[in-house]
Amino acid sequence: MRRAALAAACAALFALPGPAFALFDDNVARDRIEVLRRQVEAAAKLVDERLAKIEANAGDRRALVDLATQIDALKTEIARMRGQLEVLQNQIETADKRGKDLYVDIDTRLRKLEQPKEAAAAEKPPADAAAPAAESKAYEAALNQFKLGNYPLAVAAFQGFLVTYPSSKLAPSAQYWIGNAYFAQRDYKQAMAAQQRVLSAWPEDAKAPDALLNIASAQDALGDRRGAQKTLEGLLAKYPQSPAAASARQRLTQGAAKK
């Protein structure tokens with residue numbers, strides 16, 4: 001473009017009529033040519049500057065388009081992450097509600113617990129009163145750890161109780177609270193295993209239906225709704241008159257209502 005402009009200017013110069021051109025001597029002609037050369041260079045410079053601005057603006061537009069594309073992609077990713085966050089929050093709220101329901105149930109049962117000292121004293125003759133008193137003290141110490149929320153210590157204390165007093169009348173209850181302590185720590189598989197020991201070792205004990213109820217709670221917490229339903233139905237079939245059976249009926253009714 002610059003060469004074309006310069007050529008046009010030179011052509012215009014030399015295209016002047018002969019007489020008019022002859023009016024100028026060599027110096028004047030050189031001056032005019034220099035002026036024209038400067039004008040052509042100035043015009044070419046101006047053209048270059050305008051072309052550079054146009055190219056720069058085009059680059060800016062491309063950058064803006066790329067930036068807009070990246071922003072749209074980020075908005076899509078943020079929306080996806082928000083959706084995942086809502087799902088996780090809903091799962092956490094559901095798990096917390098189940099945990100609270102279980103803790104309310106446990107608290108109710110704690111209030112109805114027999115007095116260990118009185119039960120042990122009634123079951124043993126006076127000559128053996130020292131042994132039941134020791135068992136009762138050990139059992140109460142472990143149960144207090146559970147009430148305080150020291151669940152790992154409660155598990156250890158109840159396990160120690162079972163090792164020391166394997167034939168105690170309080171052994172089924174000790175095993176039952178081991179399962180509850182695991183559940184409180186959200187170790188649902190260990191909780192179910194502990195409650196299964198209650199059922200296998202003391203199937204006729206009063207804690208057996210409670211153990212089944214807590215197994216159903218653990219299955220529900222793990223998402224095994226069908227397994228929990230079958231466990232509750234088995235509880236009703238085997239221990240229909242137990243206090244735990246009333247809770248089982250209520251849960252089954254609530255489960256049926258949600259479907």
# chains A, B, ... in the order shown; residues from 1 in each chain; ligands from 1

$ residues_around --residues "Leu232 of chain A" --least-positions-apart "6" --cutoff "7 Å" --atoms "only C-alpha atoms" --output "ChimeraX atom specification"
/A:213,216,248

$ closest_residue --among "A:Leu252, A:Ala157, A:Ala228, A:Ile215" --to "Lys137 of chain A" --atoms "only C-alpha atoms"
A:Ala157

$ select_by_dssp --residues "segment 124-252 of chain A" --states "helix (DSSP H, G or I)" --output "ChimeraX atom specification"
/A:126-128,130-147,151-164,171-184,188-201,207-221,225-238,243-252

$ closest_residue --among "A:Val163, A:Glu233, A:Ser200, A:Ala211" --to "Asn180 of chain A" --atoms "only C-alpha atoms"
A:Ala211

$ residues_around --residues "segment 203-206 of chain A" --least-positions-apart "5" --cutoff "10 Å" --atoms "only C-alpha atoms" --output "JSON, numbers by chain"
{"A": [169, 172, 173, 196, 197, 198, 211, 239, 242, 243, 244]}

$ residues_around --residues "Gln229 of chain A" --least-positions-apart "4" --cutoff "12 Å" --atoms "only C-alpha atoms" --output "list in words"
Leu212, Leu213, Ile215, Ala216, Ser217, Ala218, Gln219, Asp220, Gly223, Asp224, Arg225, Glu233, Gly234, Leu235, Leu236, Ala248, Arg249, Gln250, Arg251, Leu252, Thr253, Gln254, Gly255 and Ala256 of chain A

$ decode --residues "segment 130-152 of chain A" --atoms "C-alpha atoms" --output "PDB file, in the first residue's frame"
ATOM      1  CA  ALA A 130     -19.547 -58.874  96.804  1.00  0.00           C
ATOM      2  CA  ALA A 131     -19.369 -60.312  93.283  1.00  0.00           C
ATOM      3  CA  PRO A 132     -22.635 -58.731  92.022  1.00  0.00           C
ATOM      4  CA  ALA A 133     -21.611 -55.426  93.556  1.00  0.00           C
ATOM      5  CA  ALA A 134     -18.336 -55.526  91.626  1.00  0.00           C
ATOM      6  CA  GLU A 135     -20.142 -56.473  88.422  1.00  0.00           C
ATOM      7  CA  SER A 136     -22.651 -53.685  88.951  1.00  0.00           C
ATOM      8  CA  LYS A 137     -19.908 -51.140  89.554  1.00  0.00           C
ATOM      9  CA  ALA A 138     -18.026 -52.163  86.407  1.00  0.00           C
ATOM     10  CA  TYR A 139     -21.217 -52.110  84.353  1.00  0.00           C
ATOM     11  CA  GLU A 140     -22.230 -48.680  85.630  1.00  0.00           C
ATOM     12  CA  ALA A 141     -18.770 -47.290  84.916  1.00  0.00           C
ATOM     13  CA  ALA A 142     -18.997 -48.451  81.295  1.00  0.00           C
ATOM     14  CA  LEU A 143     -22.551 -47.149  80.925  1.00  0.00           C
ATOM     15  CA  ASN A 144     -21.523 -43.756  82.282  1.00  0.00           C
ATOM     16  CA  GLN A 145     -18.898 -43.488  79.541  1.00  0.00           C
ATOM     17  CA  PHE A 146     -21.662 -44.055  77.008  1.00  0.00           C
ATOM     18  CA  LYS A 147     -23.892 -41.411  78.600  1.00  0.00           C
ATOM     19  CA  LEU A 148     -21.008 -38.924  78.509  1.00  0.00           C
ATOM     20  CA  GLY A 149     -20.528 -39.571  74.791  1.00  0.00           C
ATOM     21  CA  ASN A 150     -17.157 -41.261  75.260  1.00  0.00           C
ATOM     22  CA  TYR A 151     -18.128 -44.049  72.895  1.00  0.00           C
ATOM     23  CA  PRO A 152     -14.691 -45.629  72.260  1.00  0.00           C
TER      24      PRO A 152
END
